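Written below as structure tokens is the structure these notes are about.
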Amino acid sequence: EFELIQAHTTVGSEILKNVTSIADVELAARHHHERYDGNGYPDRVSGEEIPLLVRIVAVADSYGAMTSNRSYRKYLPQETARREIEMNIGTQFDPDVARCMLGIIDGDHAYSLHE
């Protein structure tokens with residue numbers, strides 16, 4: 001079942017491979033679940049092998065997933081999402097990109113970035 005879930009990255013990149021109006025959208029779809037420490041998927045690339053755009057999308061996608069309602073749970077409190085990003089600096093997330101995201105979160109006093 002987890003392999004089926006993981007396939008969305010390669011399926012998405014295949015669907016987007018001919019889109020030329022958005023630079024590197026295929027790469028972003030394929031690699032947004034790669035981890036900075038190399039333990040992600042589908043290709044287990046790490047660090048700066050992961051294009052910068054993809055490292056940005058990875059943090060934004062994670063924040064979006066945590067701060068959106070899901071069929072199995074309500075959106076998480078902003079402090080929880082912030083803490084998860086902070087705890088995963090250097091493992092899941094690029095340190096510089098994650099710190100930028102933390103700054104954005106810290107500036108969102110009304111929590112308008114969720115949902």
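Scheme for the structure tokens: letters A, B, ... for chains in order shown; per-chain residue numbers from 1; ligand numbers from 1 in order shown.
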request  = Could you give me, as JSON, numbers by chain, the residues within 12 Å of Lys74 in chain A, counting only C-alpha atoms and dropping anything in the same chain fewer than 6 positions from it?
outcome  = {"A": [65, 66, 67, 68, 114, 115]}
request  = Looking only at strand (DSSP E or B) from DSSP on the backbone, list the matching residues of chain A as JSON, numbers by chain.
outcome  = {"A": [70, 73, 89, 93]}
task = May I have the residues within 12 Å of Tyr63 in chain A as a PyMOL selection string, using only C-alpha atoms and disregarding those fewer than 3 positions away in the same chain?
result = chain A and resi 56-60+66-69+75-86+88+93+98+101-102+104-105+113-115
Would you write out those residues with N, CA and C atoms, as a PDB file, in the first residue's frame?
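The file below, again36.pdb, is the result:
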ATOM      1  N   ILE A  56      12.068  23.765  -1.693  1.00  0.00           N
ATOM      2  CA  ILE A  56      11.056  24.741  -1.275  1.00  0.00           C
ATOM      3  C   ILE A  56       9.670  24.095  -1.304  1.00  0.00           C
ATOM      4  N   VAL A  57       9.357  23.412  -2.388  1.00  0.00           N
ATOM      5  CA  VAL A  57       8.056  22.744  -2.513  1.00  0.00           C
ATOM      6  C   VAL A  57       7.875  21.716  -1.400  1.00  0.00           C
ATOM      7  N   ALA A  58       8.941  21.010  -1.037  1.00  0.00           N
ATOM      8  CA  ALA A  58       8.842  19.978   0.003  1.00  0.00           C
ATOM      9  C   ALA A  58       8.380  20.567   1.338  1.00  0.00           C
ATOM     10  N   VAL A  59       8.944  21.703   1.722  1.00  0.00           N
ATOM     11  CA  VAL A  59       8.542  22.339   2.980  1.00  0.00           C
ATOM     12  C   VAL A  59       7.117  22.882   2.861  1.00  0.00           C
ATOM     13  N   ALA A  60       6.822  23.532   1.744  1.00  0.00           N
ATOM     14  CA  ALA A  60       5.484  24.092   1.555  1.00  0.00           C
ATOM     15  C   ALA A  60       4.426  22.992   1.508  1.00  0.00           C
ATOM     16  N   MET A  66      -0.104  19.567   6.745  1.00  0.00           N
ATOM     17  CA  MET A  66      -0.373  19.642   8.182  1.00  0.00           C
ATOM     18  C   MET A  66      -1.469  20.644   8.518  1.00  0.00           C
ATOM     19  N   THR A  67      -1.584  21.691   7.714  1.00  0.00           N
ATOM     20  CA  THR A  67      -2.494  22.778   8.055  1.00  0.00           C
ATOM     21  C   THR A  67      -3.791  22.750   7.251  1.00  0.00           C
ATOM     22  N   SER A  68      -4.070  21.619   6.636  1.00  0.00           N
ATOM     23  CA  SER A  68      -5.314  21.433   5.888  1.00  0.00           C
ATOM     24  C   SER A  68      -6.142  20.332   6.543  1.00  0.00           C
ATOM     25  N   ASN A  69      -7.443  20.480   6.443  1.00  0.00           N
ATOM     26  CA  ASN A  69      -8.314  19.418   6.916  1.00  0.00           C
ATOM     27  C   ASN A  69      -8.142  18.193   6.029  1.00  0.00           C
ATOM     28  N   TYR A  75      -7.344  20.153  10.544  1.00  0.00           N
ATOM     29  CA  TYR A  75      -6.029  20.773  10.390  1.00  0.00           C
ATOM     30  C   TYR A  75      -5.354  20.937  11.748  1.00  0.00           C
ATOM     31  N   LEU A  76      -4.021  20.871  11.726  1.00  0.00           N
ATOM     32  CA  LEU A  76      -3.253  20.970  12.968  1.00  0.00           C
ATOM     33  C   LEU A  76      -3.076  22.425  13.381  1.00  0.00           C
ATOM     34  N   PRO A  77      -2.911  22.680  14.662  1.00  0.00           N
ATOM     35  CA  PRO A  77      -2.612  24.035  15.121  1.00  0.00           C
ATOM     36  C   PRO A  77      -1.287  24.522  14.510  1.00  0.00           C
ATOM     37  N   GLN A  78      -1.204  25.812  14.304  1.00  0.00           N
ATOM     38  CA  GLN A  78      -0.006  26.394  13.709  1.00  0.00           C
ATOM     39  C   GLN A  78       1.256  26.029  14.500  1.00  0.00           C
ATOM     40  N   GLU A  79       1.168  26.028  15.832  1.00  0.00           N
ATOM     41  CA  GLU A  79       2.344  25.721  16.659  1.00  0.00           C
ATOM     42  C   GLU A  79       2.834  24.291  16.389  1.00  0.00           C
ATOM     43  N   THR A  80       1.909  23.382  16.154  1.00  0.00           N
ATOM     44  CA  THR A  80       2.263  21.994  15.878  1.00  0.00           C
ATOM     45  C   THR A  80       2.982  21.888  14.536  1.00  0.00           C
ATOM     46  N   ALA A  81       2.439  22.527  13.521  1.00  0.00           N
ATOM     47  CA  ALA A  81       3.076  22.507  12.197  1.00  0.00           C
ATOM     48  C   ALA A  81       4.452  23.154  12.261  1.00  0.00           C
ATOM     49  N   ARG A  82       4.563  24.265  12.964  1.00  0.00           N
ATOM     50  CA  ARG A  82       5.855  24.939  13.100  1.00  0.00           C
ATOM     51  C   ARG A  82       6.867  24.026  13.786  1.00  0.00           C
ATOM     52  N   ARG A  83       6.444  23.388  14.864  1.00  0.00           N
ATOM     53  CA  ARG A  83       7.329  22.507  15.624  1.00  0.00           C
ATOM     54  C   ARG A  83       7.809  21.332  14.755  1.00  0.00           C
ATOM     55  N   GLU A  84       6.926  20.768  13.940  1.00  0.00           N
ATOM     56  CA  GLU A  84       7.304  19.656  13.061  1.00  0.00           C
ATOM     57  C   GLU A  84       8.361  20.086  12.049  1.00  0.00           C
ATOM     58  N   ILE A  85       8.187  21.264  11.479  1.00  0.00           N
ATOM     59  CA  ILE A  85       9.191  21.758  10.531  1.00  0.00           C
ATOM     60  C   ILE A  85      10.505  21.984  11.254  1.00  0.00           C
ATOM     61  N   GLU A  86      10.442  22.616  12.406  1.00  0.00           N
ATOM     62  CA  GLU A  86      11.659  22.897  13.171  1.00  0.00           C
ATOM     63  C   GLU A  86      12.388  21.611  13.565  1.00  0.00           C
ATOM     64  N   ASN A  88      12.475  18.876  12.026  1.00  0.00           N
ATOM     65  CA  ASN A  88      12.968  18.138  10.871  1.00  0.00           C
ATOM     66  C   ASN A  88      13.963  18.924  10.024  1.00  0.00           C
ATOM     67  N   PHE A  93      14.105  18.394   5.891  1.00  0.00           N
ATOM     68  CA  PHE A  93      14.101  19.676   5.186  1.00  0.00           C
ATOM     69  C   PHE A  93      15.480  20.324   5.110  1.00  0.00           C
ATOM     70  N   ALA A  98      13.850  25.629   5.397  1.00  0.00           N
ATOM     71  CA  ALA A  98      12.979  25.444   6.570  1.00  0.00           C
ATOM     72  C   ALA A  98      12.989  26.686   7.453  1.00  0.00           C
ATOM     73  N   MET A 101      10.794  29.235   5.987  1.00  0.00           N
ATOM     74  CA  MET A 101       9.388  28.896   6.228  1.00  0.00           C
ATOM     75  C   MET A 101       9.000  29.223   7.660  1.00  0.00           C
ATOM     76  N   LEU A 102       9.885  28.961   8.599  1.00  0.00           N
ATOM     77  CA  LEU A 102       9.591  29.309  10.000  1.00  0.00           C
ATOM     78  C   LEU A 102       9.372  30.811  10.139  1.00  0.00           C
ATOM     79  N   ILE A 104       8.176  32.791   7.835  1.00  0.00           N
ATOM     80  CA  ILE A 104       6.860  33.071   7.259  1.00  0.00           C
ATOM     81  C   ILE A 104       5.765  32.695   8.260  1.00  0.00           C
ATOM     82  N   ILE A 105       5.914  31.529   8.872  1.00  0.00           N
ATOM     83  CA  ILE A 105       4.934  31.090   9.878  1.00  0.00           C
ATOM     84  C   ILE A 105       4.882  32.081  11.038  1.00  0.00           C
ATOM     85  N   LEU A 113      -2.567  31.232   6.794  1.00  0.00           N
ATOM     86  CA  LEU A 113      -1.989  30.349   5.786  1.00  0.00           C
ATOM     87  C   LEU A 113      -2.582  28.941   5.792  1.00  0.00           C
ATOM     88  N   HIS A 114      -3.403  28.600   6.763  1.00  0.00           N
ATOM     89  CA  HIS A 114      -3.957  27.246   6.751  1.00  0.00           C
ATOM     90  C   HIS A 114      -5.189  27.180   5.848  1.00  0.00           C
ATOM     91  N   GLU A 115      -5.453  25.966   5.361  1.00  0.00           N
ATOM     92  CA  GLU A 115      -6.601  25.664   4.504  1.00  0.00           C
ATOM     93  C   GLU A 115      -6.682  26.637   3.365  1.00  0.00           C
TER      94      GLU A 115
END
Find the residues of range 72-105 of chain A that sit at most 10 Å from range 27-50 of chain A; for each, write down the nearest two atoms and how far apart they are in Å, to one decimal. Count only C-alpha atoms. Sort by chain, then by number going up, and give it as JSON lines.
{"residue": "A:Asn88", "atom": "CA", "partner": "A:Tyr36", "partner_atom": "CA", "distance": 9.4}
{"residue": "A:Ile89", "atom": "CA", "partner": "A:Tyr36", "partner_atom": "CA", "distance": 8.6}
{"residue": "A:Gly90", "atom": "CA", "partner": "A:Tyr36", "partner_atom": "CA", "distance": 6.2}
{"residue": "A:Thr91", "atom": "CA", "partner": "A:Asp37", "partner_atom": "CA", "distance": 4.8}
{"residue": "A:Gln92", "atom": "CA", "partner": "A:Arg35", "partner_atom": "CA", "distance": 4.4}
{"residue": "A:Phe93", "atom": "CA", "partner": "A:Tyr36", "partner_atom": "CA", "distance": 5.3}
{"residue": "A:Asp94", "atom": "CA", "partner": "A:Tyr36", "partner_atom": "CA", "distance": 5.6}
{"residue": "A:Pro95", "atom": "CA", "partner": "A:Tyr36", "partner_atom": "CA", "distance": 8.6}
Please, could you write that set of residues out with N, CA, C and O atoms as a PDB file, in the first residue's frame?
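And here's selection23.pdb as it stands now:
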ATOM      1  N   ASN A  88      12.475  18.876  12.026  1.00  0.00           N
ATOM      2  CA  ASN A  88      12.968  18.138  10.871  1.00  0.00           C
ATOM      3  C   ASN A  88      13.963  18.924  10.024  1.00  0.00           C
ATOM      4  O   ASN A  88      14.280  18.517   8.901  1.00  0.00           O
ATOM      5  N   ILE A  89      14.478  20.018  10.575  1.00  0.00           N
ATOM      6  CA  ILE A  89      15.538  20.768   9.893  1.00  0.00           C
ATOM      7  C   ILE A  89      16.771  19.886   9.783  1.00  0.00           C
ATOM      8  O   ILE A  89      17.227  19.304  10.761  1.00  0.00           O
ATOM      9  N   GLY A  90      17.275  19.774   8.566  1.00  0.00           N
ATOM     10  CA  GLY A  90      18.498  19.006   8.334  1.00  0.00           C
ATOM     11  C   GLY A  90      18.269  17.523   8.110  1.00  0.00           C
ATOM     12  O   GLY A  90      19.174  16.824   7.667  1.00  0.00           O
ATOM     13  N   THR A  91      17.091  17.028   8.422  1.00  0.00           N
ATOM     14  CA  THR A  91      16.778  15.624   8.142  1.00  0.00           C
ATOM     15  C   THR A  91      15.801  15.575   6.974  1.00  0.00           C
ATOM     16  O   THR A  91      16.161  15.180   5.874  1.00  0.00           O
ATOM     17  N   GLN A  92      14.574  15.999   7.210  1.00  0.00           N
ATOM     18  CA  GLN A  92      13.598  16.036   6.124  1.00  0.00           C
ATOM     19  C   GLN A  92      13.785  17.277   5.262  1.00  0.00           C
ATOM     20  O   GLN A  92      13.657  17.208   4.040  1.00  0.00           O
ATOM     21  N   PHE A  93      14.105  18.394   5.891  1.00  0.00           N
ATOM     22  CA  PHE A  93      14.101  19.676   5.186  1.00  0.00           C
ATOM     23  C   PHE A  93      15.480  20.324   5.110  1.00  0.00           C
ATOM     24  O   PHE A  93      16.278  20.238   6.046  1.00  0.00           O
ATOM     25  N   ASP A  94      15.690  21.030   4.011  1.00  0.00           N
ATOM     26  CA  ASP A  94      16.872  21.869   3.844  1.00  0.00           C
ATOM     27  C   ASP A  94      16.855  22.911   4.966  1.00  0.00           C
ATOM     28  O   ASP A  94      15.840  23.584   5.178  1.00  0.00           O
ATOM     29  N   PRO A  95      17.954  23.050   5.697  1.00  0.00           N
ATOM     30  CA  PRO A  95      17.965  23.992   6.822  1.00  0.00           C
ATOM     31  C   PRO A  95      17.616  25.426   6.442  1.00  0.00           C
ATOM     32  O   PRO A  95      16.834  26.079   7.146  1.00  0.00           O
TER      33      PRO A  95
END
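For the choices A:Phe2, A:Glu14, A:Ser112, A:Asp24, the atom-to-atom distance to Leu52 in chain A is smallest for A:Asp24 when using only C-alpha atoms.
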query = Please, which residues of chain A, numbered as in this document, come out helix (DSSP H, G or I) from DSSP, as a PyMOL selection string?
reply = chain A and resi 2-16+25-31+47-49+52-66+78-87+95-107
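Of the listed residues A:Asp61, A:Arg55, A:Ala110, A:Ser71, the one whose atoms come nearest to Val97 in chain A is A:Arg55, with distances taken using only C-alpha atoms.
We find CA of Thr9 in chain A and CA of Arg70 in chain A to be spaced 19.5 Å apart.
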